[in-house]
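Read the structure below first, then the notes.
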Amino acid sequence: MSFNPFYILPELILTAGGILVLLAGLSTRKWEAPGKIKPYSPEALALLTLTGALASSLALLWRPEVVKGVSQFGDMIAVDPMAVFFKIVVLACSIFVVFLAADYFQGIRVHRGEFYALLIFATLAASFLSAATDLIMIYLSLEFLSITSYVLVGWLKQDPRSNEASVKYFLYGAVAAAVMVYGMSIFYGLAATTDIAAIHSKLVSYPPDGSPTHIIFLGLLMMMVGFGFKISMAPFHQWAPDTYEGAPTPVTAFLSVASKAAGFAVVLRVLVSVFTPGVVDWTPMIVALSGLTMTVGNLTALPQCNIKRMLAYSSIAQAGYLLLGVAALRLSPLALPAVMLYLFIYLFMNMGAFAVVTMVSARLNSDDIREYSGLAKRSPASAVAMAIFMLSLAGIPPAAGFVGKFYLFAAALQSGDKTLLYLAILAIANTVISVYYYMNVVRYMYFAKPKSDTPLKPSFAMNMVVGFAAAATIIMLISPEPFIQMAKHSAALLTGTP
Amino acid sequence: MIPLEWYLGLSAALFCIGIFAVLSRRNAIGILMGIELMLNAANINLVALARYMHPHILTGQVFAIFIMTVAAAEAAVGLAIVISVYRNAEHINIDKITTMKW
């Protein structure tokens, strides 16, 4: 129960840094082009804050008591390897987003200080969400993340598409959260507590024939509406394409990785620690949702000609593959590490893809896939990197996405369950379909005739970001062992608890 | 004393009215009102359950206060978003906000 500021140091740094960035923003003018990142500018402070939080999260992993898991604020949040793992994913994603935003906002008149402050607060919300172990904390951090995201999505106030993205995201999000909180009230009624470990021990204490299974299942379904919204799971995915397309590209990147990772953290924690076999069997439900999500995502991605919209449907499909791992959680010890490994790979490949999209759209002012024609000549390095990210998202061998998918499918097959086997076959069929629209981008970049031959000059920072993401994607294919070990290590604790 | 079931029935009815408002309204503010009804349904549930089933544990009431606070913050942001839509589109009919389609 004892309070130790060291355990929540990443969050403390984010809170302080967010306020500082907000103040620093007052001294920068709206029409001042960001250009190079100067010290004391909001960009530099935001980077410093996020890097500090990332470093202090990594430092947590060296503490033996954190490896066993401690809780803070009267069991409101857990500080365990899994929470730290998701914090690292979220913080790394936000660092990428700062670089993307610095490039994206060149020539756009926006309040940069407020933007980075909100980005840091959204990161803070996501890191609390990945550690939350209490229904109140889950609700609060999920809403905190949502509300900051609504504002970030609508950041370009003059752009009707950004407005529309924001209003759609808001209406979907608010309804999903309202349904989720009604589900939470049901669990409060059943267990008289909001602590998820205590809810679990109450739910298993019901005699097998007198257990209110239907009510529990209804509550679980209602909570999954809120979580499903965050991870863009079908049938709660309709906001994703419009929001992804209309939002500023760096925000889209944040939503597709950080927001989704935090959503998966809470899904994993709730499903594993509350709904154990004696309570209710959720495997068939997740199997159905996973199959639906990946199929809907992939089939609707096929005809898209806006790259952000295509990546939106692709991220829905990726959520479907991740749900395949979630579905296997109960039957295969490989499933949880596989989900975490895939999220880690997904971080780099998706952020890399969005970095290239940001670079191109900041220079050509368009997100049309046809604008990518001849990118191989106009910016050869970006084209090679984009090809790597597309291969990786499709799960084709010369990139890390293959390793991630391999482990997810292996987890499903290892479980020996028939429905999971069919789901894995469906996932493989979906992977084959997805190759078409990912390779379509590569086809435009390398084989289509460009409209103009003027080379695109990515800034040094963008080249570094894209290069780093591409290198990470390749390295994780060549030697995935340390990453697999890390994921297994982080997952061991959660599955070890009853 | 009014039995607990009445409160739970009231809350379920309120939740359904809220969902109906969300699905049938075309005005963004109307939808926002529907969402508020759904949140208040959860609040009634929490407070009634806390009072009847666990009168010595205040978690339910505290949760309800948190929901109200968050709902206020959410409404503030939501109205700001609706205003920025209105400035560009000069209406808030969500059926007509369709610049993006696949």
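We name chains A, B, ... following the order of the structure tokens; residues begin at 1 in each chain, and ligands are numbered from 1 as shown.
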
Write out as JSON lines a residue-level contact list of segment 95-210 of chain A versus segment 28-37 of chain B with cut-off 7 Å: for each qualifying residue the closest pair of atoms and the distance in Å to one decimal, counting only C-alpha atoms, rows sorted by chain and residue number upward.
```
{"residue": "A:Ala174", "atom": "CA", "partner": "B:Ile35", "partner_atom": "CA", "distance": 6.7}
{"residue": "A:Val175", "atom": "CA", "partner": "B:Ile35", "partner_atom": "CA", "distance": 5.9}
{"residue": "A:Ala178", "atom": "CA", "partner": "B:Ile35", "partner_atom": "CA", "distance": 6.7}
```

Keeping N, CA, C and O atoms for every residue in the selection just given, could you write it to a file as a JSON list (two decimals), in the first residue's frame?
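After the write, selection-v7.json holds the following:
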```json
[["chain", "number", "residue", "atom", "x", "y", "z"],
["A", 174, "ALA", "N", -18.15, 8.71, -27.03],
["A", 174, "ALA", "CA", -18.98, 8.99, -25.87],
["A", 174, "ALA", "C", -20.03, 7.90, -25.67],
["A", 174, "ALA", "O", -20.28, 7.46, -24.54],
["A", 175, "VAL", "N", -20.62, 7.44, -26.78],
["A", 175, "VAL", "CA", -21.63, 6.37, -26.66],
["A", 175, "VAL", "C", -20.97, 5.10, -26.15],
["A", 175, "VAL", "O", -21.47, 4.43, -25.24],
["A", 178, "ALA", "N", -20.29, 5.33, -22.54],
["A", 178, "ALA", "CA", -21.51, 5.26, -21.72],
["A", 178, "ALA", "C", -21.97, 3.80, -21.58],
["A", 178, "ALA", "O", -22.37, 3.37, -20.50]]
```

Near chain B, 7 Å: chain A residue rows, closest pairs, only C-alpha atoms, as CSV:
```
residue,atom,partner,partner_atom,distance
A:Ile136,CA,B:Phe63,CA,6.3
A:Ile147,CA,B:Glu74,CA,6.4
A:Lys157,CA,B:Ser84,CA,6.5
A:Pro160,CA,B:Asn88,CA,6.2
A:Arg161,CA,B:Thr99,CA,6.7
A:Asn163,CA,B:Val85,CA,5.4
A:Glu164,CA,B:Ile97,CA,6.5
A:Ser166,CA,B:Ile81,CA,6.9
A:Val167,CA,B:Ile81,CA,6.2
A:Phe170,CA,B:Gly78,CA,6.7
A:Ala174,CA,B:Ile35,CA,6.7
A:Val175,CA,B:Ile35,CA,5.9
A:Ala178,CA,B:Leu39,CA,5.3
A:Val181,CA,B:Ala42,CA,6.4
A:Tyr182,CA,B:Ala42,CA,4.6
A:Ser185,CA,B:Leu46,CA,5.5
A:Gly189,CA,B:Leu49,CA,5.6
A:Ala192,CA,B:His54,CA,6.4
A:Thr193,CA,B:Thr59,CA,6.8
A:Asp242,CA,B:Met100,CA,6.3
A:Gln304,CA,B:Trp102,CA,6.9
```

Would you put the residues from that selection into a file with N, CA and C atoms, as an mmCIF file, in the first residue's frame?
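So the final result, stored in result-v5.cif, reads:
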```cif
data_model
loop_
_atom_site.group_PDB
_atom_site.id
_atom_site.type_symbol
_atom_site.label_atom_id
_atom_site.label_comp_id
_atom_site.auth_asym_id
_atom_site.auth_seq_id
_atom_site.Cartn_x
_atom_site.Cartn_y
_atom_site.Cartn_z
ATOM 1 N N ILE A 136 -12.865 2.104 -11.698
ATOM 2 C CA ILE A 136 -12.903 3.575 -11.713
ATOM 3 C C ILE A 136 -11.699 4.114 -12.477
ATOM 4 N N ILE A 147 -10.926 12.033 -24.370
ATOM 5 C CA ILE A 147 -11.211 13.471 -24.459
ATOM 6 C C ILE A 147 -10.031 14.217 -25.062
ATOM 7 N N LYS A 157 -8.764 23.482 -36.991
ATOM 8 C CA LYS A 157 -10.123 23.996 -36.820
ATOM 9 C C LYS A 157 -10.731 24.491 -38.126
ATOM 10 N N PRO A 160 -12.713 21.466 -42.656
ATOM 11 C CA PRO A 160 -13.975 20.769 -42.377
ATOM 12 C C PRO A 160 -13.773 19.269 -42.157
ATOM 13 N N ARG A 161 -12.750 18.696 -42.804
ATOM 14 C CA ARG A 161 -12.561 17.248 -42.636
ATOM 15 C C ARG A 161 -12.068 16.906 -41.237
ATOM 16 N N ASN A 163 -12.808 18.700 -38.607
ATOM 17 C CA ASN A 163 -14.009 18.859 -37.780
ATOM 18 C C ASN A 163 -14.864 17.611 -37.812
ATOM 19 N N GLU A 164 -15.066 17.129 -39.031
ATOM 20 C CA GLU A 164 -15.953 15.979 -39.185
ATOM 21 C C GLU A 164 -15.353 14.754 -38.482
ATOM 22 N N SER A 166 -13.421 14.764 -35.966
ATOM 23 C CA SER A 166 -13.514 14.961 -34.536
ATOM 24 C C SER A 166 -14.921 14.686 -34.024
ATOM 25 N N VAL A 167 -15.943 15.195 -34.743
ATOM 26 C CA VAL A 167 -17.314 15.022 -34.246
ATOM 27 C C VAL A 167 -17.710 13.548 -34.324
ATOM 28 N N PHE A 170 -15.923 11.781 -31.497
ATOM 29 C CA PHE A 170 -16.520 12.136 -30.217
ATOM 30 C C PHE A 170 -17.821 11.382 -29.983
ATOM 31 N N ALA A 174 -18.148 8.715 -27.026
ATOM 32 C CA ALA A 174 -18.979 8.988 -25.867
ATOM 33 C C ALA A 174 -20.027 7.901 -25.675
ATOM 34 N N VAL A 175 -20.624 7.436 -26.784
ATOM 35 C CA VAL A 175 -21.626 6.373 -26.659
ATOM 36 C C VAL A 175 -20.969 5.095 -26.153
ATOM 37 N N ALA A 178 -20.290 5.326 -22.535
ATOM 38 C CA ALA A 178 -21.509 5.255 -21.722
ATOM 39 C C ALA A 178 -21.968 3.799 -21.581
ATOM 40 N N VAL A 181 -19.598 2.031 -19.153
ATOM 41 C CA VAL A 181 -19.752 2.358 -17.739
ATOM 42 C C VAL A 181 -21.030 1.718 -17.182
ATOM 43 N N TYR A 182 -22.038 1.522 -18.022
ATOM 44 C CA TYR A 182 -23.229 0.786 -17.570
ATOM 45 C C TYR A 182 -22.846 -0.666 -17.253
ATOM 46 N N SER A 185 -21.219 -0.761 -13.970
ATOM 47 C CA SER A 185 -22.142 -0.663 -12.840
ATOM 48 C C SER A 185 -22.733 -2.038 -12.517
ATOM 49 N N GLY A 189 -22.511 -3.986 -8.906
ATOM 50 C CA GLY A 189 -23.644 -4.600 -8.227
ATOM 51 C C GLY A 189 -23.359 -6.041 -7.836
ATOM 52 N N ALA A 192 -19.725 -5.580 -5.301
ATOM 53 C CA ALA A 192 -19.589 -4.554 -4.265
ATOM 54 C C ALA A 192 -18.212 -3.920 -4.229
ATOM 55 N N THR A 193 -17.455 -4.051 -5.286
ATOM 56 C CA THR A 193 -16.129 -3.445 -5.312
ATOM 57 C C THR A 193 -15.790 -3.104 -6.756
ATOM 58 N N ASP A 242 -12.995 7.372 -41.026
ATOM 59 C CA ASP A 242 -13.230 8.811 -41.148
ATOM 60 C C ASP A 242 -12.296 9.599 -40.237
ATOM 61 N N GLN A 304 -9.625 1.199 -51.376
ATOM 62 C CA GLN A 304 -9.309 2.558 -50.925
ATOM 63 C C GLN A 304 -8.251 3.222 -51.800
#
```

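Interatomic distance, atom CA of Leu364 of chain A against atom CA of Leu118 of chain A: 27.2 Å.
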
Original post:
Using the chain letters and numbers from this document, which residues of segment 2-102 of chain B does DSSP assign to alpha helix (DSSP H), as a count of residues only?
Top reply: 78

Subject >> Computed interatomic separation between atom CA of Glu65 of chain A and atom CA of Ala487 of chain A (Å) >> reply: 18.2 Å

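The coordinates place atom CA of Met76 of chain A at 20.1 Å from atom CA of His56 of chain B.
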
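Considering only C-alpha atoms, the residue among A:Ala470, A:Met349, A:Ile286, A:Ala400 positioned nearest to Val384 of chain A is A:Ala470.
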